[in-house]
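I have placed the structure first, in the form of structure tokens, so that the comments after it can refer back to it.
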Amino acid sequence: MCCQKSKIFEIYGCDLLNAAEGTGIEKECIKPLKAEKVHSITKSKVQEDVLHCDQNSKFVVLSISIEPILSLAERFNLSPQETIFKISGYFKEKGVHAVHTTTIAEEFALLETTSEFIYRYTNKKNGFRSSLPMLASACPGWICYAEKTHGFLLPFISTTKSPQQIMGSLLKLYYAKEKNIEPGNIYHISLMPCYDKKLEASRADFYNADLNVKDVDCVITAVEVELLLQKEVINFCEIKSQSLNYFKDLDITLQEHLSVHFESLAGVYAYYIAINAAKELFHIDIRNTQLKSIEKNQDLKEIIFQNDDKTLNFAVINGFRNIQNMIQKIKRNKCSYDYVEIMACPSGCINGSAQIKSREGSSSKELILKLESLYSQLPKRITTDRISANKLFKDWLNRNFKCNVEAILHTSYHVVPKNVFPLNIKW
């Protein structure tokens, strides 16, 4: 995971300097955000039809997760639907050729994480060695912490890539073929709620040596978009709205860019896996409202499925205090959960470190409640979307450069040796 100076991956934010310590990512690779960087990436405005592009030009694609959309919507008093078209308009004016949400990648991550959980759970029930509880892998802050401080946990962590990284694979390996572009000629920018997503994108594990491409080339955040707007003295509400882009072979229902599965963002993985695992393992159809939910504290919720002797015990854990308690239980073999959804930030990604902060006179708690309210009002994804996602999922994997599911959708983790400083040595 060493970052060589000849191949610097540029990520932004002084907040990353401490996070990079001991991860194998050199601090020289971390540069402060400059608005000119985004401008230079997209300065060459070309037509959507890539056949008319200069062969040396990059086809720039922006993918957006739901949390920054909510953050910008709240800041500028717009609906999420209005906001996403404003974001598209702003970046397309800068030369971005296509704008997508990460909805499809999130669906793939849920499908593959569910399959992974069912495989581990079945193996354990059949007497084979299997690492349960399975721990979520979507939060890079949590992954970095586990690699640096608790190496024994790595076998428990799901190997399924995060939606950000799956989106990168989808764009470079599927979308590129659909558009008749070389994967290396796609420049993928992701808009995320967290600075740690920059570190995630820079991992050597997410570099395809055969194609010489990264899943993600540049990560920006909601707070950085606000800085760009301030620098250019642009009124976000007056930006001309522009439409988003679609994957050609995917049913329109799944491409509802702002559709979600549940009322709350916290627990999406846990609820989704519980519902689908109950159907696959026990042949029982349930809804999330039929799961027993026990709120232990603001950032710890237990989700329980029970039908006679058939049980599934899940948990949703946010914040490092709760994470530490869970780690101690696993270490003592006292953890009763089958699956744990983990986010490093209190209240989860909706309160990510790079979300726009609350206004003066308003508390962060009030802001989180507003963002959660916006999320709860988003359209709900219909059950047939899973069939559509499965179809594209299989089609993409079956005809993609002889790659397989493991190579495209999974990753691995590495124990990071602690730096030894003389002052830390106990003489």
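Labels used: A, B, ... for chains in the order of the structure tokens, numbers from 1 for residues in each chain, and numbers from 1 for ligands as shown.
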
Per-residue nearest contacts of segment 318-342 of chain A to segment 298-303 of chain A (10 Å; only C-alpha atoms) as a tab-separated table:
residue	atom	partner	partner_atom	distance
A:Asn318	CA	A:Asp299	CA	5.0
A:Gly319	CA	A:Asp299	CA	6.9
A:Phe320	CA	A:Asp299	CA	9.9
A:Arg321	CA	A:Asp299	CA	9.4
A:Asn322	CA	A:Leu300	CA	6.9
A:Ile323	CA	A:Leu300	CA	9.4
A:Tyr337	CA	A:Glu302	CA	8.7
A:Tyr339	CA	A:Ile303	CA	9.7
A:Val340	CA	A:Glu302	CA	9.1
A:Glu341	CA	A:Lys301	CA	9.8
A:Ile342	CA	A:Leu300	CA	9.7

*Could you pull the residues within 12 Å of Leu62 of chain A, counting only C-alpha atoms, minus those fewer than 3 positions along the same chain, as an MDAnalysis selection string?*
chainID A and resid 38 41:42 59 65 84 87:92 94:102 164 167:168 171 186:192 216:221 244:245

With C-alpha atoms retained, export the selected residues as a CSV table (one decimal), in the first residue's frame.
chain,number,residue,atom,x,y,z
A,38,VAL,CA,-11.5,20.6,-10.1
A,41,ILE,CA,-9.8,18.2,-14.4
A,42,THR,CA,-12.9,19.4,-16.3
A,59,PHE,CA,-14.2,11.3,-20.1
A,65,SER,CA,-23.6,9.4,-2.7
A,84,ILE,CA,-29.1,16.8,-7.4
A,87,ILE,CA,-25.1,19.6,-8.6
A,88,SER,CA,-25.2,18.0,-12.1
A,89,GLY,CA,-25.6,21.5,-13.7
A,90,TYR,CA,-22.7,22.9,-11.7
A,91,PHE,CA,-20.3,20.1,-12.6
A,92,LYS,CA,-21.4,19.7,-16.2
A,94,LYS,CA,-17.2,22.7,-15.6
A,95,GLY,CA,-16.8,20.0,-18.2
A,96,VAL,CA,-18.0,16.8,-16.4
A,97,HIS,CA,-19.5,14.6,-19.1
A,98,ALA,CA,-21.7,12.3,-17.0
A,99,VAL,CA,-23.2,12.5,-13.5
A,100,HIS,CA,-24.6,9.5,-11.6
A,101,THR,CA,-25.6,8.7,-8.1
A,102,THR,CA,-24.2,5.7,-6.4
A,164,GLN,CA,-17.7,4.1,-3.7
A,167,MET,CA,-19.1,2.3,-8.5
A,168,GLY,CA,-15.5,2.8,-9.7
A,171,LEU,CA,-17.7,2.8,-14.4
A,186,ILE,CA,-12.5,7.5,-17.7
A,187,TYR,CA,-11.7,9.9,-14.9
A,188,HIS,CA,-13.9,9.1,-11.9
A,189,ILE,CA,-14.7,11.8,-9.3
A,190,SER,CA,-16.8,10.8,-6.3
A,191,LEU,CA,-18.7,13.2,-4.1
A,192,MET,CA,-18.7,11.8,-0.5
A,216,VAL,CA,-11.7,6.3,-8.0
A,217,ASP,CA,-9.4,9.0,-9.3
A,218,CYS,CA,-10.5,11.9,-7.1
A,219,VAL,CA,-12.7,12.3,-4.1
A,220,ILE,CA,-14.4,15.6,-3.1
A,221,THR,CA,-16.8,16.3,-0.3
A,244,LEU,CA,-28.4,12.9,-14.6
A,245,ASN,CA,-27.1,10.0,-16.8

*Could you give me, as a list in words, the residues within 12 Å of Asn313 of chain A, counting only C-alpha atoms and dropping anything in the same chain fewer than 5 positions from it?*
Tyr121, Leu132, Pro133, Met134, Ala270, Tyr271, Ile273, Ala274, Ile275, Ala277, Ala278, Leu291, Lys292, Ser293, Ile294, Lys301, Glu302, Ile303, Ile304, Phe305, Gln306, Cys335, Ser336, Tyr337, Asp338, Tyr339, Val340 and Glu341 of chain A

Write a file of the just-selected residues containing N, CA, C and O atoms, as a short mmCIF file (atom, residue, chain, number, x, y, z; two decimals), in the first residue's frame.
data_model
loop_
_atom_site.label_atom_id
_atom_site.label_comp_id
_atom_site.auth_asym_id
_atom_site.auth_seq_id
_atom_site.Cartn_x
_atom_site.Cartn_y
_atom_site.Cartn_z
N TYR A 121 -22.73 -17.67 7.45
CA TYR A 121 -23.70 -18.18 8.43
C TYR A 121 -23.96 -19.66 8.19
O TYR A 121 -23.97 -20.46 9.14
N LEU A 132 -17.78 -15.22 12.35
CA LEU A 132 -18.96 -14.45 12.74
C LEU A 132 -18.69 -13.88 14.14
O LEU A 132 -18.04 -14.55 14.95
N PRO A 133 -19.17 -12.69 14.45
CA PRO A 133 -20.05 -11.88 13.62
C PRO A 133 -19.34 -11.31 12.40
O PRO A 133 -18.14 -11.02 12.46
N MET A 134 -20.07 -11.17 11.30
CA MET A 134 -19.52 -10.49 10.14
C MET A 134 -19.66 -8.99 10.39
O MET A 134 -20.72 -8.50 10.77
N ALA A 270 -27.94 -3.63 7.80
CA ALA A 270 -28.45 -4.61 8.77
C ALA A 270 -29.86 -5.05 8.42
O ALA A 270 -30.17 -6.26 8.40
N TYR A 271 -30.75 -4.10 8.14
CA TYR A 271 -32.12 -4.45 7.80
C TYR A 271 -32.20 -5.24 6.49
O TYR A 271 -32.91 -6.23 6.39
N ILE A 273 -29.91 -7.07 4.96
CA ILE A 273 -29.36 -8.43 5.09
C ILE A 273 -30.28 -9.32 5.91
O ILE A 273 -30.52 -10.48 5.56
N ALA A 274 -30.82 -8.78 7.00
CA ALA A 274 -31.73 -9.58 7.84
C ALA A 274 -32.95 -10.05 7.06
O ALA A 274 -33.34 -11.22 7.13
N ILE A 275 -33.56 -9.14 6.30
CA ILE A 275 -34.76 -9.49 5.54
C ILE A 275 -34.46 -10.55 4.48
O ILE A 275 -35.19 -11.53 4.34
N ALA A 277 -31.72 -12.53 4.29
CA ALA A 277 -31.18 -13.76 4.87
C ALA A 277 -32.30 -14.63 5.43
O ALA A 277 -32.26 -15.86 5.30
N ALA A 278 -33.31 -14.00 6.05
CA ALA A 278 -34.45 -14.77 6.56
C ALA A 278 -35.16 -15.51 5.43
O ALA A 278 -35.58 -16.67 5.59
N LEU A 291 -39.16 -6.91 12.26
CA LEU A 291 -37.95 -7.18 13.02
C LEU A 291 -38.02 -6.44 14.35
O LEU A 291 -38.44 -5.29 14.42
N LYS A 292 -37.58 -7.10 15.40
CA LYS A 292 -37.57 -6.47 16.72
C LYS A 292 -36.37 -5.54 16.82
O LYS A 292 -35.23 -5.94 16.57
N SER A 293 -36.63 -4.30 17.19
CA SER A 293 -35.57 -3.30 17.27
C SER A 293 -35.43 -2.82 18.71
O SER A 293 -36.41 -2.38 19.32
N ILE A 294 -34.22 -2.91 19.25
CA ILE A 294 -33.96 -2.49 20.63
C ILE A 294 -32.86 -1.43 20.60
O ILE A 294 -31.74 -1.70 20.20
N LYS A 301 -28.05 0.07 18.22
CA LYS A 301 -29.37 -0.52 18.06
C LYS A 301 -29.22 -2.01 17.73
O LYS A 301 -28.39 -2.38 16.90
N GLU A 302 -29.99 -2.83 18.41
CA GLU A 302 -30.01 -4.26 18.10
C GLU A 302 -31.23 -4.57 17.23
O GLU A 302 -32.32 -4.04 17.46
N ILE A 303 -31.04 -5.43 16.23
CA ILE A 303 -32.11 -5.83 15.32
C ILE A 303 -32.21 -7.35 15.38
O ILE A 303 -31.24 -8.05 15.07
N ILE A 304 -33.36 -7.84 15.77
CA ILE A 304 -33.51 -9.28 16.03
C ILE A 304 -34.64 -9.88 15.19
O ILE A 304 -35.74 -9.33 15.14
N PHE A 305 -34.32 -10.97 14.52
CA PHE A 305 -35.35 -11.77 13.85
C PHE A 305 -35.49 -13.08 14.62
O PHE A 305 -34.51 -13.76 14.90
N GLN A 306 -36.72 -13.43 14.97
CA GLN A 306 -36.96 -14.68 15.69
C GLN A 306 -38.26 -15.30 15.21
O GLN A 306 -39.31 -14.66 15.15
N CYS A 335 -19.54 -12.01 22.09
CA CYS A 335 -20.40 -11.27 21.17
C CYS A 335 -21.47 -12.19 20.60
O CYS A 335 -21.15 -13.21 19.97
N SER A 336 -22.73 -11.84 20.77
CA SER A 336 -23.84 -12.70 20.35
C SER A 336 -24.39 -12.32 18.98
O SER A 336 -25.32 -12.96 18.48
N TYR A 337 -23.83 -11.29 18.36
CA TYR A 337 -24.37 -10.83 17.08
C TYR A 337 -23.88 -11.70 15.92
O TYR A 337 -22.77 -12.22 15.94
N ASP A 338 -24.72 -11.80 14.89
CA ASP A 338 -24.33 -12.49 13.66
C ASP A 338 -23.74 -11.50 12.66
O ASP A 338 -22.86 -11.85 11.86
N TYR A 339 -24.25 -10.27 12.69
CA TYR A 339 -23.76 -9.23 11.78
C TYR A 339 -23.80 -7.90 12.50
O TYR A 339 -24.74 -7.61 13.25
N VAL A 340 -22.79 -7.06 12.24
CA VAL A 340 -22.73 -5.74 12.86
C VAL A 340 -22.43 -4.69 11.79
O VAL A 340 -21.41 -4.77 11.10
N GLU A 341 -23.35 -3.75 11.64
CA GLU A 341 -23.13 -2.60 10.76
C GLU A 341 -22.40 -1.53 11.57
O GLU A 341 -22.89 -1.12 12.62
#

Excluding segment 366-381 of chain A and any residue of its chain fewer than 3 positions from it, enumerate the residues within 9 Å of it, using only C-alpha atoms, and give them as a compact mmCIF listing (two decimals) with all heavy atoms, in the first residue's frame.
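Wrote it out as result.txt, contents follow:
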# COMPACT_ATOMS: atom_id res chain seq x y z
N ILE A 66 -25.68 9.69 -1.40
CA ILE A 66 -26.89 10.38 -0.95
C ILE A 66 -26.59 11.43 0.13
O ILE A 66 -27.23 12.49 0.18
CB ILE A 66 -27.94 9.35 -0.44
CG1 ILE A 66 -29.25 10.05 -0.07
CG2 ILE A 66 -27.41 8.56 0.74
CD1 ILE A 66 -29.95 10.72 -1.22
N GLU A 67 -25.60 11.18 0.99
CA GLU A 67 -25.39 12.07 2.14
C GLU A 67 -25.01 13.50 1.73
O GLU A 67 -25.55 14.46 2.29
CB GLU A 67 -24.33 11.48 3.08
CG GLU A 67 -24.71 10.16 3.71
CD GLU A 67 -24.29 8.96 2.86
OE1 GLU A 67 -23.82 9.19 1.72
OE2 GLU A 67 -24.44 7.82 3.33
N LEU A 70 -28.08 15.41 0.61
CA LEU A 70 -28.88 15.90 1.73
C LEU A 70 -28.23 17.11 2.41
O LEU A 70 -28.91 18.05 2.79
CB LEU A 70 -29.08 14.77 2.75
CG LEU A 70 -29.79 13.51 2.26
CD1 LEU A 70 -29.83 12.46 3.36
CD2 LEU A 70 -31.20 13.83 1.77
N SER A 71 -26.91 17.06 2.53
CA SER A 71 -26.17 18.15 3.18
C SER A 71 -26.33 19.45 2.41
O SER A 71 -26.61 20.51 2.99
CB SER A 71 -24.70 17.77 3.29
OG SER A 71 -23.97 18.72 4.03
N ALA A 73 -28.69 20.08 0.17
CA ALA A 73 -30.12 20.42 0.14
C ALA A 73 -30.50 21.23 1.38
O ALA A 73 -31.21 22.24 1.29
CB ALA A 73 -30.96 19.15 0.04
N GLU A 74 -30.03 20.78 2.53
CA GLU A 74 -30.36 21.47 3.78
C GLU A 74 -29.71 22.85 3.82
O GLU A 74 -30.35 23.83 4.22
CB GLU A 74 -29.90 20.63 4.98
CG GLU A 74 -30.51 21.05 6.31
CD GLU A 74 -29.87 22.31 6.90
OE1 GLU A 74 -28.66 22.53 6.65
OE2 GLU A 74 -30.57 23.06 7.59
N SER A 79 -35.08 20.90 -2.08
CA SER A 79 -35.38 19.47 -1.93
C SER A 79 -34.19 18.66 -2.44
O SER A 79 -33.39 19.17 -3.26
CB SER A 79 -36.63 19.10 -2.74
OG SER A 79 -36.33 19.14 -4.13
N PRO A 80 -34.02 17.42 -1.99
CA PRO A 80 -32.94 16.59 -2.54
C PRO A 80 -33.02 16.45 -4.06
O PRO A 80 -31.99 16.44 -4.74
CB PRO A 80 -33.16 15.25 -1.84
CG PRO A 80 -33.82 15.59 -0.55
CD PRO A 80 -34.74 16.74 -0.89
N GLN A 81 -34.25 16.36 -4.59
CA GLN A 81 -34.41 16.23 -6.04
C GLN A 81 -33.91 17.47 -6.77
O GLN A 81 -33.20 17.37 -7.79
CB GLN A 81 -35.90 15.97 -6.38
CG GLN A 81 -36.41 14.60 -5.97
CD GLN A 81 -36.77 14.50 -4.50
OE1 GLN A 81 -36.66 15.47 -3.73
NE2 GLN A 81 -37.22 13.33 -4.07
N THR A 253 -36.64 1.80 -13.16
CA THR A 253 -37.06 1.82 -11.76
C THR A 253 -35.88 1.86 -10.81
O THR A 253 -35.88 2.62 -9.84
CB THR A 253 -37.92 0.58 -11.43
OG1 THR A 253 -37.22 -0.59 -11.87
CG2 THR A 253 -39.26 0.65 -12.11
N LEU A 254 -34.85 1.07 -11.09
CA LEU A 254 -33.69 1.06 -10.21
C LEU A 254 -32.91 2.36 -10.32
O LEU A 254 -32.19 2.75 -9.41
CB LEU A 254 -32.78 -0.13 -10.53
CG LEU A 254 -31.55 -0.30 -9.63
CD1 LEU A 254 -31.96 -0.45 -8.18
CD2 LEU A 254 -30.72 -1.48 -10.06
N GLU A 256 -33.99 5.28 -10.29
CA GLU A 256 -34.50 6.41 -9.52
C GLU A 256 -33.35 6.86 -8.62
O GLU A 256 -33.03 6.22 -7.64
CB GLU A 256 -35.70 5.98 -8.68
CG GLU A 256 -36.96 5.75 -9.47
CD GLU A 256 -37.51 7.03 -10.07
OE1 GLU A 256 -37.20 8.12 -9.55
OE2 GLU A 256 -38.22 6.95 -11.08
N LEU A 258 -32.66 8.85 -6.40
CA LEU A 258 -32.77 9.14 -4.98
C LEU A 258 -33.71 8.16 -4.27
O LEU A 258 -34.28 8.48 -3.24
CB LEU A 258 -33.26 10.57 -4.78
CG LEU A 258 -32.26 11.66 -5.18
CD1 LEU A 258 -32.88 13.04 -5.02
CD2 LEU A 258 -30.99 11.55 -4.36
N SER A 259 -33.88 6.98 -4.81
CA SER A 259 -34.73 5.99 -4.14
C SER A 259 -33.93 5.27 -3.07
O SER A 259 -32.73 5.05 -3.19
CB SER A 259 -35.28 4.98 -5.15
OG SER A 259 -34.23 4.28 -5.78
N VAL A 260 -34.62 4.91 -1.97
CA VAL A 260 -33.97 4.26 -0.84
C VAL A 260 -34.82 3.08 -0.39
O VAL A 260 -35.98 2.95 -0.78
CB VAL A 260 -33.75 5.25 0.33
CG1 VAL A 260 -32.82 6.37 -0.08
CG2 VAL A 260 -35.08 5.81 0.82
N HIS A 261 -34.24 2.22 0.43
CA HIS A 261 -34.96 1.03 0.90
C HIS A 261 -35.79 1.28 2.15
O HIS A 261 -36.89 0.76 2.30
CB HIS A 261 -33.96 -0.09 1.19
CG HIS A 261 -33.48 -0.80 -0.04
ND1 HIS A 261 -34.27 -1.70 -0.72
CD2 HIS A 261 -32.31 -0.74 -0.70
CE1 HIS A 261 -33.59 -2.17 -1.76
NE2 HIS A 261 -32.40 -1.60 -1.77
N PHE A 262 -35.26 2.09 3.08
CA PHE A 262 -35.89 2.21 4.39
C PHE A 262 -36.03 3.68 4.79
O PHE A 262 -35.53 4.58 4.12
CB PHE A 262 -35.08 1.45 5.44
CG PHE A 262 -34.80 0.03 5.06
CD1 PHE A 262 -33.52 -0.40 4.77
CD2 PHE A 262 -35.84 -0.89 4.97
CE1 PHE A 262 -33.27 -1.71 4.39
CE2 PHE A 262 -35.61 -2.21 4.60
CZ PHE A 262 -34.32 -2.62 4.31
N GLU A 263 -36.70 3.91 5.90
CA GLU A 263 -36.97 5.26 6.39
C GLU A 263 -35.71 5.94 6.91
O GLU A 263 -35.60 7.16 6.88
CB GLU A 263 -38.01 5.22 7.51
CG GLU A 263 -39.40 4.78 7.08
CD GLU A 263 -40.11 5.84 6.24
OE1 GLU A 263 -39.86 7.04 6.47
OE2 GLU A 263 -40.90 5.46 5.37
N SER A 264 -34.78 5.15 7.41
CA SER A 264 -33.58 5.71 8.04
C SER A 264 -32.33 5.21 7.34
O SER A 264 -32.26 4.07 6.88
CB SER A 264 -33.54 5.33 9.52
OG SER A 264 -32.32 5.73 10.11
N LEU A 265 -31.32 6.08 7.27
CA LEU A 265 -30.05 5.68 6.66
C LEU A 265 -29.27 4.74 7.56
O LEU A 265 -28.62 3.80 7.08
CB LEU A 265 -29.22 6.94 6.36
CG LEU A 265 -27.91 6.77 5.59
CD1 LEU A 265 -28.16 6.13 4.22
CD2 LEU A 265 -27.21 8.11 5.42
N SER A 347 -23.89 8.84 14.78
CA SER A 347 -25.05 9.01 13.88
C SER A 347 -24.78 8.54 12.46
O SER A 347 -25.64 8.66 11.58
CB SER A 347 -25.54 10.47 13.84
OG SER A 347 -25.95 10.89 15.13
N ILE A 350 -24.43 10.14 7.70
CA ILE A 350 -25.20 11.38 7.53
C ILE A 350 -24.55 12.51 8.33
O ILE A 350 -24.74 13.69 8.04
CB ILE A 350 -26.67 11.15 7.98
CG1 ILE A 350 -27.60 12.08 7.20
CG2 ILE A 350 -26.84 11.29 9.48
CD1 ILE A 350 -29.05 11.67 7.25
N ASN A 351 -23.72 12.14 9.31
CA ASN A 351 -22.96 13.08 10.13
C ASN A 351 -21.47 12.95 9.83
O ASN A 351 -20.63 13.13 10.71
CB ASN A 351 -23.23 12.81 11.62
CG ASN A 351 -22.59 13.82 12.54
OD1 ASN A 351 -22.56 15.01 12.24
ND2 ASN A 351 -22.06 13.35 13.66
N LYS A 357 -21.29 21.87 8.01
CA LYS A 357 -21.58 22.00 9.44
C LYS A 357 -22.86 22.81 9.67
O LYS A 357 -23.33 23.52 8.79
CB LYS A 357 -20.41 22.65 10.17
CG LYS A 357 -19.07 21.94 9.94
CD LYS A 357 -19.16 20.45 10.21
CE LYS A 357 -17.85 19.75 9.90
NZ LYS A 357 -18.00 18.27 9.94
N SER A 358 -23.38 22.70 10.87
CA SER A 358 -24.61 23.42 11.22
C SER A 358 -24.36 24.93 11.23
O SER A 358 -23.25 25.40 11.47
CB SER A 358 -25.11 22.97 12.59
OG SER A 358 -24.12 23.17 13.58
N ARG A 359 -25.43 25.68 10.97
CA ARG A 359 -25.34 27.14 10.97
C ARG A 359 -25.12 27.66 12.38
O ARG A 359 -25.42 26.98 13.36
CB ARG A 359 -26.63 27.75 10.40
CG ARG A 359 -26.87 27.46 8.93
CD ARG A 359 -28.16 28.09 8.48
NE ARG A 359 -28.42 27.89 7.06
CZ ARG A 359 -29.02 26.83 6.56
NH1 ARG A 359 -29.43 25.87 7.37
NH2 ARG A 359 -29.22 26.73 5.26
N SER A 362 -27.38 27.02 15.62
CA SER A 362 -28.06 25.72 15.50
C SER A 362 -27.08 24.62 15.90
O SER A 362 -25.89 24.70 15.59
CB SER A 362 -28.54 25.51 14.06
OG SER A 362 -29.15 24.24 13.92
N SER A 363 -27.56 23.61 16.57
CA SER A 363 -26.69 22.54 17.05
C SER A 363 -26.53 21.46 15.97
O SER A 363 -27.35 21.34 15.06
CB SER A 363 -27.26 21.90 18.31
OG SER A 363 -28.45 21.18 18.01
N THR A 384 -39.13 -5.23 -6.88
CA THR A 384 -38.69 -5.77 -8.18
C THR A 384 -37.36 -5.19 -8.61
O THR A 384 -36.72 -5.70 -9.52
CB THR A 384 -39.74 -5.48 -9.26
OG1 THR A 384 -40.05 -4.08 -9.25
CG2 THR A 384 -41.00 -6.27 -9.04
N ASP A 385 -36.93 -4.09 -7.97
CA ASP A 385 -35.62 -3.53 -8.30
C ASP A 385 -34.51 -4.54 -8.07
O ASP A 385 -33.48 -4.51 -8.74
CB ASP A 385 -35.33 -2.29 -7.43
CG ASP A 385 -36.12 -1.08 -7.90
OD1 ASP A 385 -36.58 -1.10 -9.05
OD2 ASP A 385 -36.29 -0.14 -7.12

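Here atom CA of Thr83 of chain A is placed at a distance of 10.9 Å from atom CA of Lys240 of chain A.
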
_Atom-to-atom span, atom CA of Gln242 of chain A and atom CA of Glu93 of chain A, Å_ = 9.4 Å

Quick one: which segment 250-347 of chain A residues come within 12 Å of segment 193-209 of chain A, and what is the nearest atom pair for each with the distance in Å to one decimal, counting only C-alpha atoms, rows ordered by chain and ascending number, as CSV?
residue,atom,partner,partner_atom,distance
A:Met343,CA,A:Cys194,CA,11.2
A:Ala344,CA,A:Asp196,CA,10.2
A:Cys345,CA,A:Cys194,CA,9.4

What would the file look like if the residues just selected were written as a PDB file, in the first residue's frame with all heavy atoms?
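The result, written out as again-v3.pdb:
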ATOM      1  N   MET A 343     -20.227   2.199  11.728  1.00  0.00           N
ATOM      2  CA  MET A 343     -19.799   3.485  11.181  1.00  0.00           C
ATOM      3  C   MET A 343     -19.015   4.226  12.263  1.00  0.00           C
ATOM      4  O   MET A 343     -19.442   4.289  13.413  1.00  0.00           O
ATOM      5  CB  MET A 343     -20.994   4.331  10.737  1.00  0.00           C
ATOM      6  CG  MET A 343     -21.832   3.688   9.641  1.00  0.00           C
ATOM      7  SD  MET A 343     -20.926   3.500   8.086  1.00  0.00           S
ATOM      8  CE  MET A 343     -22.001   2.366   7.204  1.00  0.00           C
ATOM      9  N   ALA A 344     -17.880   4.793  11.894  1.00  0.00           N
ATOM     10  CA  ALA A 344     -17.020   5.453  12.881  1.00  0.00           C
ATOM     11  C   ALA A 344     -17.642   6.730  13.435  1.00  0.00           C
ATOM     12  O   ALA A 344     -17.443   7.072  14.602  1.00  0.00           O
ATOM     13  CB  ALA A 344     -15.659   5.759  12.248  1.00  0.00           C
ATOM     14  N   CYS A 345     -18.388   7.454  12.600  1.00  0.00           N
ATOM     15  CA  CYS A 345     -18.961   8.733  13.042  1.00  0.00           C
ATOM     16  C   CYS A 345     -20.226   8.511  13.868  1.00  0.00           C
ATOM     17  O   CYS A 345     -21.072   7.698  13.489  1.00  0.00           O
ATOM     18  CB  CYS A 345     -19.304   9.607  11.837  1.00  0.00           C
ATOM     19  SG  CYS A 345     -17.866  10.159  10.900  1.00  0.00           S
TER      20      CYS A 345
END

*Using backbone DSSP assignments, extract all alpha helix (DSSP H) residues from segment 261-353 of chain A; output them as a VMD selection string.*
chain A and resid 268 to 282 320 to 331

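By only C-alpha atoms, and with residues fewer than 6 positions from Thr159 of chain A along its chain excluded, the set lying at most 8 Å from it is Ser137, His410, Thr411 and Ser412 of chain A.
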
Go ahead and save the residues from that selection, with N, CA and C atoms, as an mmCIF file, in the first residue's frame.
data_model
loop_
_atom_site.group_PDB
_atom_site.id
_atom_site.type_symbol
_atom_site.label_atom_id
_atom_site.label_comp_id
_atom_site.auth_asym_id
_atom_site.auth_seq_id
_atom_site.Cartn_x
_atom_site.Cartn_y
_atom_site.Cartn_z
ATOM 1 N N SER A 137 -18.079 -3.315 6.117
ATOM 2 C CA SER A 137 -16.826 -2.854 5.510
ATOM 3 C C SER A 137 -16.956 -1.528 4.777
ATOM 4 N N HIS A 410 -14.742 -7.624 -4.344
ATOM 5 C CA HIS A 410 -14.170 -7.893 -3.020
ATOM 6 C C HIS A 410 -12.773 -7.309 -2.889
ATOM 7 N N THR A 411 -12.338 -7.190 -1.651
ATOM 8 C CA THR A 411 -11.025 -6.644 -1.360
ATOM 9 C C THR A 411 -10.405 -7.422 -0.204
ATOM 10 N N SER A 412 -9.262 -6.982 0.255
ATOM 11 C CA SER A 412 -8.602 -7.633 1.390
ATOM 12 C C SER A 412 -8.077 -6.552 2.328
#

*asked:* Just checking: using only C-alpha atoms, which residue out of A:Val316, A:Lys125, A:Tyr269, A:Glu82 ends up closest to Pro346 of chain A?
replied: A:Val316
